[in-house]
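**Q** Pasting a structure here, questions to come.
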Amino acid sequence: MKLKIFLLLFPIFLFGQKSIENSNEIKLIESRLKFADSISSFTAEETQNIEVIPAHGRIDGEPTESTKINIRILKHSNQVLRICYNQSNSKEFWKYYYYDSKLIYAELNKLRGKREMVTKKKFYFQNENLISPSYSDRNYDVEEEVKIFIKGKELLKSSI
């Protein structure tokens, strides 16, 4: 009887512990986010405004528009804490948070529709590995994770 109960409850014990560890790690990451946001209220951010002008026109003869890129970098004690990134021709606004020069959190705010409703996607990283949303979530996208990670690394290298 005890063996049946143990076999029945074993998967719950096995997978329940992992979710507790992830939730504790997410709480730790969120406390670091609050720290970075609290510092931003009294520390000036470095801003980089870049304008990318296309080298040639479009094939159909329509005029091309330049792309304006706005990057804001928050540093504290020579450590990058946060990088905000957006482009003028895109409806995406990115926030990357770092701890010890490692990506710990990325947030994508995407404008959609005529009323410009905002959808938020949050990505939590531990040792630069994605922990939330997990691979088993239905809205998980491998391409999006790779895009986030590569862009976060590029921005960190360019800001140092």
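Identifiers in the structure tokens: chain A, B, ... in order shown; residue index from 1 per chain; ligand index from 1 in order shown.
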Please give the complete set of residues from range 8-138 of chain A that DSSP, run on the backbone, assigns to helix (DSSP H, G or I), formatted as a count of residues only.
**A** 33
**Q** Do you know which residues are at most 12 Å from Ile73 in chain A counting only C-alpha atoms, after dropping those on the same chain fewer than 3 positions away, and could you put them as a PyMOL selection string?
**A** chain A and resi 36+40+43-49+70+76+78-85+95-98+155-160
**Q** What does the distance between CA of Lys102 in chain A and CA of Asn129 in chain A come to in Å, to one decimal place?
**A**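 Those two atoms sit 10.1 Å apart.
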**Q** Could you give me the residues within range 10-154 of chain A that DSSP places in strand (DSSP E), as a VMD selection string?
**A** chain A and resid 46 to 52 67 to 76 79 to 87 92 to 99 102 to 112 117 to 126 129 to 132
**Q** One decimal, in Å: what's the spacing between CA of Tyr124 in chain A and CA of Ile104 in chain A?
**A**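 For CA of Tyr124 in chain A relative to CA of Ile104 in chain A, the distance reads 5.9 Å.
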**Q** Calculated over only C-alpha atoms, which of the candidates A:Pro54, A:Trp94, A:Pro133, A:Glu128 has the smallest distance to Arg72 in chain A?
**A** A:Trp94
**Q** By how many Å are CA of Glu145 in chain A and CA of Ile131 in chain A apart?
**A**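 These two atoms are separated by 10.9 Å.
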